[in-house]
Amino acid sequence: MTEKYNMPDERGHFGPYGGIFVAETLIPPIQELNAAYQQYLKDPDFIAELDADLKYYVGRPSPLYHAERWSRELGGAQIYLKREDLNHTGSHKINNTVGQALLAKRMGKTRIIAETGAGQHGVATATVAARLGLECVVYMGAVDVARQSLNVYRMKLLGATVVAVESGSKTLKDALNEALRDWVTNVDNTFYIIGTVAGPHPYPAMVRDFQAIIGREAKQQCLEATGRLPDALVACVGGGSNAIGLFHPFIEDSSVKLYGVEAAGDGVATGRHSAPLCAGRPGVLHGNRTYLMADDDGEIIETHSISAGLDYPGVGPEHAWLKDTGRAQYANITDTEALEGFYALTRSEGIIPALESSHAMAYTMKLAPTMGKDEIIIVNLSGRGDKDMQTMAKREGIEL
Amino acid sequence: MSRLAATFAELAQNGRKALIPFVTAGDPNPHFTVPLMHAMVAAGVDVIELGVPFSDPMADGPVIQRASERALAHKMSLRRTLEVAAEFRKTNQTTPLVLMGYLNPIEAMTYEGFANAAQRADIDGVLTVDLPPEEGAECTALLKARGIDPIFLLAPNSSSERVQKMDAAGSGYIYYVSLKGVTGAGHLNIADVEHKLQQIRANTQLPIAIGFGVKDADTANAIAHLGDGVVIGSALISKIEAHLDDPELAQNEIIALLTSIRQTLDSTQQTVGEL
Ligand SMILES: Cc1ncc(COP(=O)(O)O)c(C=O)c1O
């Protein structure tokens, strides 16, 4: 059975979620962005330029790799990895920044800003800004600047200014606040490249559409390799862009189970986690209504995760909708389990995943053994672990 | 007529401009706010905007961000801000009180729960920074049904169509954000404000209070006379921040600044009023 799916509505609502909740100064640039996005989405020249960039600059299509040894070891489903780690700059983030940067160029914007957690989106933004000769400022929580110093250096090398944000919890949400403040101040010449499916409409839909190349390729590749659709998809969920990118082209294929994996940090029961879908409540933050980690007074609470890219108290509104409708299921993986996923993939397949992606790997280790050997899981390997070498070495007591 | 409508009507009749201070409830501590509010009324303010502390004040500059952080450190919240308001009302039933904050604390109380609580605290207006009229119909209707004015923002880049939208959705007054930026920013341009006010006036009869980036009596005076009143926030909160170890001194400096603004506003009322 397939049901037609065409969310969001024209005002950006996914049921009760999404929408445009911003201060008045941001309404005109959001309207301008939405108009440009709607226009270029249907513009053959724009699509052709985007496709060429994805092919020759990003290196798409990314392979769908059958992890045979790992599948055998886990003793269940056949595991296929969607290799977003092989993209230029090392993660799925570049799919979106290439798209938004092309929009920025067409809209005549000369200055790009971005927020970043793990630094992958910051690097992907600095990269496209360098290529197009645009000024680039990246906001990054001071805590993340410290734990992802390699990416800070990469961004600077690419010519971006990296601003360490000292307010609030000094992580991704505070970087987003600061980027919004910059945007409000510099609306006329500045394009804000949001790195995930969050923010006010049209960002959740637009970022999804740029990331949906992941799922479109995966579907075709799976059909070519196996002659059929997968039984399950697995992806980690920070803001939710790599997950929705993989899920979206499969939403109408109701035989395909969708599993999003949130970061449980020290464990959901401890309260020290980043799992709003599993343990949060609906509310409004950063321009949309979605599940949030907030206290009884509606104040946003601090999140915890070993991976900076998942350390965010909200989640894209479309995931909130997919959760409520039951179309997708959301699980959570602790820091300790994520590390097991990290080592397992590294040792069984010779692929070092990002700590974010390691959450998806760890969940796959639980899921695969419950499934038959003739069943198929596609796991989104959203990024490579190079950026996490310092964190991992330090945990092992090694000085690099 | 609502307290806000009556206040602005009376000011207009007398050719005076509204002086509207903004302070964050519970900054630097929960005991500071109510006495400060009474002292500000004694110094001649017309309306008080009470900031509701929020963990993620996206439209605020560093001064008000830190005010929020100080208040939150004392477990200040929307509920406790309403208690502050109710406490103030025990001895003042005339000065209009406007809550200014972000949507999520209201969502946590539910719109109806909040509207009822605001009515019990005898709040006059509610300004929710991240709730534009398109998303605000439900909340706005609940407030209006209880005689509370929903107050909306306009910005330098707002179209005439937006002004009309705010005119239809809002009541009490419209808050004109005088610059593209966050609260407390330093690039206010009086000529730009003057130009924009013509467009706004052409599309609404509501009183216009102007704020963001007003730092001293002269700017306050110039700005106030372009609209119907001036909002001053970060400049007051800076006094609190400068004297965290001496709240009494902070209050004295706030009152001194407001007094000088009041005098400047009133001394120029005649000449400008005749223009
Ligand atoms: C490799 C990788 N995967 C996943 C994420 C999480 O983001 P999202 O949930 O938007 O895919 C990040 C964010 O930094 C990342 O770098």
# chains A, B, ... in the order shown; residues from 1 in each chain; ligands from 1

$ residues_near_ligand --ligand "ligand 1" --cutoff "8 Å" --atoms "only C-alpha atoms and all ligand atoms" --output "ChimeraX atom specification"
/A:85,90-93,116-121,195-197,236-244,308-310,315,353-357,381-385

$ interface_residues --of "chain B" --to "chain A" --cutoff "7 Å" --atoms "only C-alpha atoms" --output "mmCIF file with N, CA, C and O atoms, in the first residue's frame"
data_model
loop_
_atom_site.group_PDB
_atom_site.id
_atom_site.type_symbol
_atom_site.label_atom_id
_atom_site.label_comp_id
_atom_site.auth_asym_id
_atom_site.auth_seq_id
_atom_site.Cartn_x
_atom_site.Cartn_y
_atom_site.Cartn_z
ATOM 1 N N PHE B 54 14.379 34.016 28.779
ATOM 2 C CA PHE B 54 14.331 32.814 27.938
ATOM 3 C C PHE B 54 15.755 32.337 27.673
ATOM 4 O O PHE B 54 16.666 33.143 27.523
ATOM 5 N N SER B 55 15.898 31.029 27.610
ATOM 6 C CA SER B 55 17.224 30.432 27.432
ATOM 7 C C SER B 55 17.858 30.785 26.093
ATOM 8 O O SER B 55 19.078 30.774 25.964
ATOM 9 N N ASP B 56 17.051 31.082 25.075
ATOM 10 C CA ASP B 56 17.572 31.298 23.727
ATOM 11 C C ASP B 56 17.003 32.559 23.094
ATOM 12 O O ASP B 56 16.245 32.479 22.115
ATOM 13 N N MET B 58 16.879 34.865 20.745
ATOM 14 C CA MET B 58 17.497 35.008 19.418
ATOM 15 C C MET B 58 17.513 36.423 18.873
ATOM 16 O O MET B 58 18.327 36.731 18.017
ATOM 17 N N ALA B 59 16.584 37.275 19.345
ATOM 18 C CA ALA B 59 16.518 38.629 18.788
ATOM 19 C C ALA B 59 17.224 39.643 19.677
ATOM 20 O O ALA B 59 17.178 40.836 19.399
ATOM 21 N N SER B 77 11.107 32.494 35.520
ATOM 22 C CA SER B 77 10.371 31.789 34.470
ATOM 23 C C SER B 77 9.181 32.656 34.083
ATOM 24 O O SER B 77 8.956 33.718 34.684
ATOM 25 N N LEU B 78 8.417 32.199 33.095
ATOM 26 C CA LEU B 78 7.205 32.934 32.721
ATOM 27 C C LEU B 78 6.223 32.966 33.895
ATOM 28 O O LEU B 78 5.647 34.001 34.222
ATOM 29 N N LEU B 103 8.169 32.601 22.397
ATOM 30 C CA LEU B 103 6.969 31.768 22.392
ATOM 31 C C LEU B 103 7.065 30.504 23.249
ATOM 32 O O LEU B 103 6.084 30.074 23.827
ATOM 33 N N ASN B 104 8.250 29.888 23.312
ATOM 34 C CA ASN B 104 8.256 28.550 23.905
ATOM 35 C C ASN B 104 7.764 28.473 25.352
ATOM 36 O O ASN B 104 7.040 27.537 25.691
ATOM 37 N N PRO B 105 8.092 29.435 26.219
ATOM 38 C CA PRO B 105 7.513 29.380 27.568
ATOM 39 C C PRO B 105 5.989 29.433 27.543
ATOM 40 O O PRO B 105 5.328 28.786 28.368
ATOM 41 N N GLU B 107 4.109 28.273 25.016
ATOM 42 C CA GLU B 107 3.703 26.946 24.539
ATOM 43 C C GLU B 107 3.701 25.945 25.691
ATOM 44 O O GLU B 107 2.823 25.082 25.782
ATOM 45 N N ALA B 108 4.697 26.063 26.563
ATOM 46 C CA ALA B 108 4.802 25.109 27.675
ATOM 47 C C ALA B 108 3.621 25.241 28.632
ATOM 48 O O ALA B 108 3.201 24.265 29.247
ATOM 49 N N VAL B 129 8.108 37.867 20.552
ATOM 50 C CA VAL B 129 9.044 38.220 19.488
ATOM 51 C C VAL B 129 8.972 37.268 18.302
ATOM 52 O O VAL B 129 8.966 37.695 17.153
ATOM 53 N N ASP B 130 8.886 35.973 18.579
ATOM 54 C CA ASP B 130 8.941 34.994 17.495
ATOM 55 C C ASP B 130 7.567 34.426 17.146
ATOM 56 O O ASP B 130 7.459 33.278 16.727
ATOM 57 N N LEU B 131 6.538 35.244 17.322
ATOM 58 C CA LEU B 131 5.187 34.812 16.917
ATOM 59 C C LEU B 131 4.580 35.831 15.962
ATOM 60 O O LEU B 131 3.876 36.749 16.369
ATOM 61 N N PRO B 132 4.846 35.668 14.664
ATOM 62 C CA PRO B 132 4.231 36.576 13.694
ATOM 63 C C PRO B 132 2.725 36.302 13.592
ATOM 64 O O PRO B 132 2.276 35.224 13.987
ATOM 65 N N LEU B 153 5.498 43.460 16.225
ATOM 66 C CA LEU B 153 6.661 44.242 15.820
ATOM 67 C C LEU B 153 6.562 44.614 14.345
ATOM 68 O O LEU B 153 5.995 43.877 13.546
ATOM 69 N N LEU B 154 7.132 45.755 14.003
ATOM 70 C CA LEU B 154 7.404 46.077 12.606
ATOM 71 C C LEU B 154 8.891 46.402 12.508
ATOM 72 O O LEU B 154 9.501 46.830 13.478
ATOM 73 N N ALA B 155 9.451 46.192 11.326
ATOM 74 C CA ALA B 155 10.886 46.370 11.145
ATOM 75 C C ALA B 155 11.149 47.300 9.974
ATOM 76 O O ALA B 155 10.244 47.588 9.189
ATOM 77 N N ASN B 157 12.436 46.772 7.247
ATOM 78 C CA ASN B 157 12.186 46.162 5.938
ATOM 79 C C ASN B 157 10.755 45.647 5.795
ATOM 80 O O ASN B 157 10.454 44.894 4.875
ATOM 81 N N SER B 158 9.856 46.045 6.706
ATOM 82 C CA SER B 158 8.460 45.594 6.604
ATOM 83 C C SER B 158 7.747 46.340 5.477
ATOM 84 O O SER B 158 7.836 47.554 5.378
ATOM 85 N N LYS B 180 17.787 47.339 11.655
ATOM 86 C CA LYS B 180 17.959 45.924 11.351
ATOM 87 C C LYS B 180 19.038 45.410 12.284
ATOM 88 O O LYS B 180 20.210 45.745 12.130
ATOM 89 N N GLY B 181 18.640 44.642 13.252
ATOM 90 C CA GLY B 181 19.631 44.147 14.197
ATOM 91 C C GLY B 181 18.969 43.647 15.456
ATOM 92 O O GLY B 181 17.760 43.485 15.516
ATOM 93 N N VAL B 182 19.791 43.406 16.468
ATOM 94 C CA VAL B 182 19.301 42.900 17.741
ATOM 95 C C VAL B 182 19.151 44.054 18.718
ATOM 96 O O VAL B 182 19.608 45.171 18.450
#

$ select_by_dssp --residues "stretch 188-367 of chain A" --states "alpha helix (DSSP H)" --output "ChimeraX atom specification"
/A:203-211,213-226,241-247,276-279,317-325,335-349,355-367

$ residues_around --residues "stretch 84-89 of chain B" --least-positions-apart "3" --cutoff "12 Å" --atoms "only C-alpha atoms" --output "PyMOL selection string"
chain B and resi 24-27+29-41+48-52+76-81+92-99+117-125

$ closest_residue --among "A:Ile79, A:Ala104, A:Met365, A:Val58" --to "A:Leu33" --atoms "only C-alpha atoms"
A:Ala104

$ atom_distance --atom1 "atom CA of B:Pro53" --atom2 "atom CA of B:Leu72"
6.5 Å

$ residues_around --residues "A:Thr364" --least-positions-apart "4" --cutoff "10 Å" --atoms "only C-alpha atoms" --output "PDB file with N, CA and C atoms, in the first residue's frame"
ATOM      1  N   SER A  71      27.936  -7.824   7.814  1.00  0.00           N
ATOM      2  CA  SER A  71      26.620  -8.476   7.790  1.00  0.00           C
ATOM      3  C   SER A  71      26.742  -9.907   8.309  1.00  0.00           C
ATOM      4  N   LEU A  74      27.285 -10.052  12.077  1.00  0.00           N
ATOM      5  CA  LEU A  74      26.087  -9.743  12.858  1.00  0.00           C
ATOM      6  C   LEU A  74      25.025 -10.830  12.688  1.00  0.00           C
ATOM      7  N   ALA A  77      20.410  -9.431   8.732  1.00  0.00           N
ATOM      8  CA  ALA A  77      20.138  -8.764   7.467  1.00  0.00           C
ATOM      9  C   ALA A  77      21.423  -8.400   6.715  1.00  0.00           C
ATOM     10  N   ILE A  79      23.635  -5.766   5.105  1.00  0.00           N
ATOM     11  CA  ILE A  79      23.786  -4.344   5.398  1.00  0.00           C
ATOM     12  C   ILE A  79      24.472  -3.644   4.225  1.00  0.00           C
ATOM     13  N   ALA A 232      14.627  -1.952   5.477  1.00  0.00           N
ATOM     14  CA  ALA A 232      14.763  -0.938   6.525  1.00  0.00           C
ATOM     15  C   ALA A 232      15.846   0.068   6.150  1.00  0.00           C
ATOM     16  N   LEU A 233      15.644   1.302   6.594  1.00  0.00           N
ATOM     17  CA  LEU A 233      16.650   2.349   6.456  1.00  0.00           C
ATOM     18  C   LEU A 233      17.033   2.804   7.862  1.00  0.00           C
ATOM     19  N   VAL A 234      18.315   3.088   8.057  1.00  0.00           N
ATOM     20  CA  VAL A 234      18.780   3.552   9.363  1.00  0.00           C
ATOM     21  C   VAL A 234      19.659   4.778   9.158  1.00  0.00           C
ATOM     22  N   ALA A 235      19.409   5.820   9.953  1.00  0.00           N
ATOM     23  CA  ALA A 235      20.256   7.012   9.887  1.00  0.00           C
ATOM     24  C   ALA A 235      20.264   7.708  11.240  1.00  0.00           C
ATOM     25  N   TYR A 259      14.125   4.015  10.374  1.00  0.00           N
ATOM     26  CA  TYR A 259      14.605   4.145  11.749  1.00  0.00           C
ATOM     27  C   TYR A 259      15.558   5.328  11.880  1.00  0.00           C
ATOM     28  N   VAL A 261      17.958   7.521  14.471  1.00  0.00           N
ATOM     29  CA  VAL A 261      18.679   7.204  15.701  1.00  0.00           C
ATOM     30  C   VAL A 261      19.186   8.485  16.356  1.00  0.00           C
ATOM     31  N   GLY A 341      29.897   0.975  17.893  1.00  0.00           N
ATOM     32  CA  GLY A 341      29.604   1.052  16.465  1.00  0.00           C
ATOM     33  C   GLY A 341      30.799   1.583  15.688  1.00  0.00           C
ATOM     34  N   SER A 358      28.286   6.865  13.704  1.00  0.00           N
ATOM     35  CA  SER A 358      28.497   5.677  14.546  1.00  0.00           C
ATOM     36  C   SER A 358      27.240   5.323  15.330  1.00  0.00           C
ATOM     37  N   HIS A 359      26.391   6.325  15.604  1.00  0.00           N
ATOM     38  CA  HIS A 359      25.121   6.037  16.270  1.00  0.00           C
ATOM     39  C   HIS A 359      24.231   5.165  15.376  1.00  0.00           C
ATOM     40  N   ALA A 360      24.241   5.456  14.080  1.00  0.00           N
ATOM     41  CA  ALA A 360      23.455   4.644  13.144  1.00  0.00           C
ATOM     42  C   ALA A 360      24.045   3.237  13.055  1.00  0.00           C
ATOM     43  N   ALA A 368      20.085  -5.573  12.869  1.00  0.00           N
ATOM     44  CA  ALA A 368      20.393  -6.589  11.853  1.00  0.00           C
ATOM     45  C   ALA A 368      20.171  -8.017  12.364  1.00  0.00           C
ATOM     46  N   PRO A 369      20.647  -8.351  13.572  1.00  0.00           N
ATOM     47  CA  PRO A 369      20.472  -9.740  14.041  1.00  0.00           C
ATOM     48  C   PRO A 369      19.009 -10.148  14.223  1.00  0.00           C
ATOM     49  N   THR A 370      18.087  -9.182  14.316  1.00  0.00           N
ATOM     50  CA  THR A 370      16.671  -9.521  14.471  1.00  0.00           C
ATOM     51  C   THR A 370      15.999  -9.777  13.126  1.00  0.00           C
ATOM     52  N   ILE A 377      19.117  -3.943   4.897  1.00  0.00           N
ATOM     53  CA  ILE A 377      19.130  -2.657   5.601  1.00  0.00           C
ATOM     54  C   ILE A 377      20.054  -1.710   4.833  1.00  0.00           C
ATOM     55  N   ILE A 378      19.597  -0.495   4.591  1.00  0.00           N
ATOM     56  CA  ILE A 378      20.517   0.539   4.104  1.00  0.00           C
ATOM     57  C   ILE A 378      20.796   1.490   5.265  1.00  0.00           C
ATOM     58  N   VAL A 379      22.067   1.638   5.595  1.00  0.00           N
ATOM     59  CA  VAL A 379      22.471   2.545   6.667  1.00  0.00           C
ATOM     60  C   VAL A 379      23.163   3.745   6.058  1.00  0.00           C
TER      61      VAL A 379
END

$ atom_distance --atom1 "atom CA of B:Cys139" --atom2 "atom CA of B:Gln205"
22.8 Å

$ residues_around --residues "A:Glu375" --least-positions-apart "3" --cutoff "8 Å" --atoms "only C-alpha atoms" --output "list in words"
Gly76, Ala77, Gln78, Pro230, Asp231, Met371 and Gly372 of chain A
